Amino acid sequence: MLQVYFHYINKLVNIPEVRVKDLSFEDDQGIVYFLVEPVQSVQDCPCCGSSRVKRNGIPYHRRIRHLPLMAWRTILVAPSINMTCKQCDAHFVWQYEFVGPKETYSHALQNQLIQQGHGNTVKAIAGFQAVPYTTAERYYKNGLQADRERTQATCIQDAIERDRLVLGIDDF
């Protein structure tokens with residue numbers, strides 16, 4: 001019966017490469033922990049691409065901040081699976097697509113932090129997501145960089161499409 005509930009929780013978490021095995025709550029902190037595991041049993045070798053790999057165990061679990069569920073902060077507890085390629089003898093760790101290597105925030109949460117930067121202050125973003133000020137500032141600046149590049153590309157395209165372009169001193 002409990003597996004049925006995890007099926008719906010997997011839909012809420014919305015990360016197809018992992019499935020929820022267990023969950024726990026910290027009521028006083030407003031945090032929900034999802035213990036997740038990869039759907040696949042092995043991952044191809046990043047060096048040679050072989051699927052002949054051996055799992056060498058799980059030395060620790062990664063804690064990855066994900067999108068909030070209602071008022072709860074969500075932390076995914078994912079195993080850091082050590083593996084060895086039988087073909088090229090390379091040693092590597094399982095790479096998840098929803099989070100970068102050595103990162104503690106999922107790509108979805110990073111994108112949400114960037115989107116919240118439009119029209120908000122860094123302090124407000126840090127308060128909304130309960131992240132450190134420096135983290136909110138980093139993603140705020142990443143969002144500004146992306147906006148700047150998009151605005152420059154639009155302006156260049158508009159300039160190319162105009163027949164008679166006149167530049168004034170303030171355009172420089």
# chains A, B, ... in the order shown; residues from 1 in each chain; ligands from 1
$ residues_around --residues "range 121-132 of chain A" --least-positions-apart "4" --cutoff "12 Å" --atoms "only C-alpha atoms" --output "ChimeraX atom specification"
/A:29-31,65-74,104-105,109-110,112-117,136-141,143-144
$ select_by_dssp --residues "range 90-160 of chain A" --states "alpha helix (DSSP H)" --output "PyMOL selection string"
chain A and resi 107-116+122-129+133-160
$ closest_atom_pairs --of "range 96-149 of chain A" --to "range 77-88 of chain A" --cutoff "12 Å" --atoms "only C-alpha atoms" --output "CSV"
residue,atom,partner,partner_atom,distance
A:Tyr96,CA,A:Ala78,CA,9.1
A:Phe98,CA,A:Ala78,CA,11.2
A:Val99,CA,A:Ala78,CA,10.6
A:Pro101,CA,A:Ser80,CA,10.5
A:Lys102,CA,A:Ser80,CA,10.6
A:Thr104,CA,A:Val77,CA,10.5
A:Tyr105,CA,A:Val77,CA,11.8
A:Ser106,CA,A:Ala78,CA,11.7
$ closest_residue --among "A:Ala146, A:Val93, A:Cys155, A:Leu23" --to "Arg55 in chain A" --atoms "only C-alpha atoms"
A:Val93
$ atom_distance --atom1 "CA of Asp89 in chain A" --atom2 "CA of Val39 in chain A"
24.0 Å
$ atom_distance --atom1 "CA of Ile9 in chain A" --atom2 "CA of Val32 in chain A"
11.8 Å
$ atom_distance --atom1 "CA of Val36 in chain A" --atom2 "CA of Gly49 in chain A"
24.9 Å
$ select_by_dssp --residues "chain A" --states "strand (DSSP E or B)" --output "NGL selection string"
:A and (18-26 or 31-38 or 53-69 or 72-85 or 91-93 or 105)
$ decode --residues "range 44-71 of chain A" --atoms "N, CA, C and O atoms" --output "mmCIF file, in the first residue's frame"
data_model
loop_
_atom_site.group_PDB
_atom_site.id
_atom_site.type_symbol
_atom_site.label_atom_id
_atom_site.label_comp_id
_atom_site.auth_asym_id
_atom_site.auth_seq_id
_atom_site.Cartn_x
_atom_site.Cartn_y
_atom_site.Cartn_z
ATOM 1 N N ASP A 44 26.539 3.917 -17.675
ATOM 2 C CA ASP A 44 27.638 3.697 -18.617
ATOM 3 C C ASP A 44 28.887 4.443 -18.174
ATOM 4 O O ASP A 44 28.810 5.512 -17.556
ATOM 5 N N CYS A 45 30.029 3.888 -18.531
ATOM 6 C CA CYS A 45 31.322 4.478 -18.201
ATOM 7 C C CYS A 45 31.466 5.809 -18.939
ATOM 8 O O CYS A 45 31.268 5.874 -20.154
ATOM 9 N N PRO A 46 31.831 6.895 -18.248
ATOM 10 C CA PRO A 46 31.997 8.183 -18.922
ATOM 11 C C PRO A 46 33.255 8.234 -19.792
ATOM 12 O O PRO A 46 33.365 9.092 -20.660
ATOM 13 N N CYS A 47 34.194 7.324 -19.574
ATOM 14 C CA CYS A 47 35.448 7.323 -20.355
ATOM 15 C C CYS A 47 35.299 6.588 -21.679
ATOM 16 O O CYS A 47 35.621 7.122 -22.732
ATOM 17 N N CYS A 48 34.836 5.330 -21.629
ATOM 18 C CA CYS A 48 34.773 4.520 -22.855
ATOM 19 C C CYS A 48 33.342 4.254 -23.323
ATOM 20 O O CYS A 48 33.141 3.755 -24.422
ATOM 21 N N GLY A 49 32.340 4.563 -22.511
ATOM 22 C CA GLY A 49 30.947 4.362 -22.897
ATOM 23 C C GLY A 49 30.439 2.945 -22.707
ATOM 24 O O GLY A 49 29.313 2.632 -23.074
ATOM 25 N N SER A 50 31.245 2.082 -22.126
ATOM 26 C CA SER A 50 30.854 0.689 -21.916
ATOM 27 C C SER A 50 29.787 0.583 -20.829
ATOM 28 O O SER A 50 29.786 1.336 -19.859
ATOM 29 N N SER A 51 28.890 -0.375 -21.000
ATOM 30 C CA SER A 51 27.885 -0.622 -19.967
ATOM 31 C C SER A 51 28.305 -1.768 -19.051
ATOM 32 O O SER A 51 27.547 -2.162 -18.171
ATOM 33 N N ARG A 52 29.495 -2.286 -19.242
ATOM 34 C CA ARG A 52 30.028 -3.343 -18.388
ATOM 35 C C ARG A 52 30.728 -2.700 -17.191
ATOM 36 O O ARG A 52 31.935 -2.491 -17.201
ATOM 37 N N VAL A 53 29.960 -2.334 -16.192
ATOM 38 C CA VAL A 53 30.496 -1.680 -15.003
ATOM 39 C C VAL A 53 30.119 -2.471 -13.756
ATOM 40 O O VAL A 53 29.153 -3.237 -13.761
ATOM 41 N N LYS A 54 30.877 -2.262 -12.715
ATOM 42 C CA LYS A 54 30.652 -2.936 -11.444
ATOM 43 C C LYS A 54 30.415 -1.876 -10.372
ATOM 44 O O LYS A 54 31.153 -0.897 -10.281
ATOM 45 N N ARG A 55 29.370 -2.075 -9.599
ATOM 46 C CA ARG A 55 29.101 -1.166 -8.483
ATOM 47 C C ARG A 55 29.995 -1.529 -7.310
ATOM 48 O O ARG A 55 30.113 -2.680 -6.945
ATOM 49 N N ASN A 56 30.646 -0.507 -6.718
ATOM 50 C CA ASN A 56 31.581 -0.739 -5.620
ATOM 51 C C ASN A 56 31.064 -0.254 -4.269
ATOM 52 O O ASN A 56 31.831 -0.126 -3.337
ATOM 53 N N GLY A 57 29.805 0.049 -4.184
ATOM 54 C CA GLY A 57 29.255 0.463 -2.902
ATOM 55 C C GLY A 57 28.894 1.938 -2.858
ATOM 56 O O GLY A 57 29.076 2.685 -3.818
ATOM 57 N N ILE A 58 28.389 2.337 -1.700
ATOM 58 C CA ILE A 58 27.919 3.710 -1.483
ATOM 59 C C ILE A 58 28.629 4.258 -0.248
ATOM 60 O O ILE A 58 28.241 3.960 0.885
ATOM 61 N N PRO A 59 29.676 5.057 -0.421
ATOM 62 C CA PRO A 59 30.399 5.563 0.745
ATOM 63 C C PRO A 59 29.644 6.655 1.517
ATOM 64 O O PRO A 59 29.834 6.816 2.716
ATOM 65 N N TYR A 60 28.789 7.414 0.833
ATOM 66 C CA TYR A 60 28.026 8.470 1.493
ATOM 67 C C TYR A 60 26.814 8.820 0.647
ATOM 68 O O TYR A 60 26.678 8.373 -0.482
ATOM 69 N N HIS A 61 25.926 9.627 1.214
ATOM 70 C CA HIS A 61 24.737 10.106 0.502
ATOM 71 C C HIS A 61 24.846 11.615 0.322
ATOM 72 O O HIS A 61 25.246 12.333 1.252
ATOM 73 N N ARG A 62 24.465 12.084 -0.859
ATOM 74 C CA ARG A 62 24.444 13.522 -1.148
ATOM 75 C C ARG A 62 23.121 14.113 -0.698
ATOM 76 O O ARG A 62 22.073 13.505 -0.867
ATOM 77 N N ARG A 63 23.163 15.303 -0.151
ATOM 78 C CA ARG A 63 21.952 16.055 0.198
ATOM 79 C C ARG A 63 21.786 17.166 -0.824
ATOM 80 O O ARG A 63 22.622 18.055 -0.917
ATOM 81 N N ILE A 64 20.692 17.081 -1.578
ATOM 82 C CA ILE A 64 20.458 17.995 -2.692
ATOM 83 C C ILE A 64 19.159 18.741 -2.452
ATOM 84 O O ILE A 64 18.099 18.130 -2.315
ATOM 85 N N ARG A 65 19.228 20.042 -2.395
ATOM 86 C CA ARG A 65 18.046 20.879 -2.217
ATOM 87 C C ARG A 65 17.270 20.914 -3.513
ATOM 88 O O ARG A 65 17.829 21.127 -4.589
ATOM 89 N N HIS A 66 15.961 20.682 -3.443
ATOM 90 C CA HIS A 66 15.099 20.663 -4.632
ATOM 91 C C HIS A 66 13.967 21.658 -4.435
ATOM 92 O O HIS A 66 13.861 22.298 -3.389
ATOM 93 N N LEU A 67 13.095 21.755 -5.409
ATOM 94 C CA LEU A 67 11.958 22.682 -5.337
ATOM 95 C C LEU A 67 11.119 22.410 -4.093
ATOM 96 O O LEU A 67 10.930 21.256 -3.705
ATOM 97 N N PRO A 68 10.610 23.457 -3.468
ATOM 98 C CA PRO A 68 9.792 23.241 -2.272
ATOM 99 C C PRO A 68 8.450 22.598 -2.607
ATOM 100 O O PRO A 68 7.899 22.796 -3.691
ATOM 101 N N LEU A 69 7.941 21.805 -1.679
ATOM 102 C CA LEU A 69 6.603 21.240 -1.778
ATOM 103 C C LEU A 69 5.742 21.963 -0.757
ATOM 104 O O LEU A 69 5.942 21.792 0.445
ATOM 105 N N MET A 70 4.844 22.778 -1.258
ATOM 106 C CA MET A 70 4.011 23.637 -0.416
ATOM 107 C C MET A 70 4.948 24.522 0.420
ATOM 108 O O MET A 70 5.768 25.199 -0.135
ATOM 109 N N ALA A 71 4.839 24.487 1.729
ATOM 110 C CA ALA A 71 5.704 25.321 2.574
ATOM 111 C C ALA A 71 6.938 24.560 3.050
ATOM 112 O O ALA A 71 7.721 25.077 3.831
#
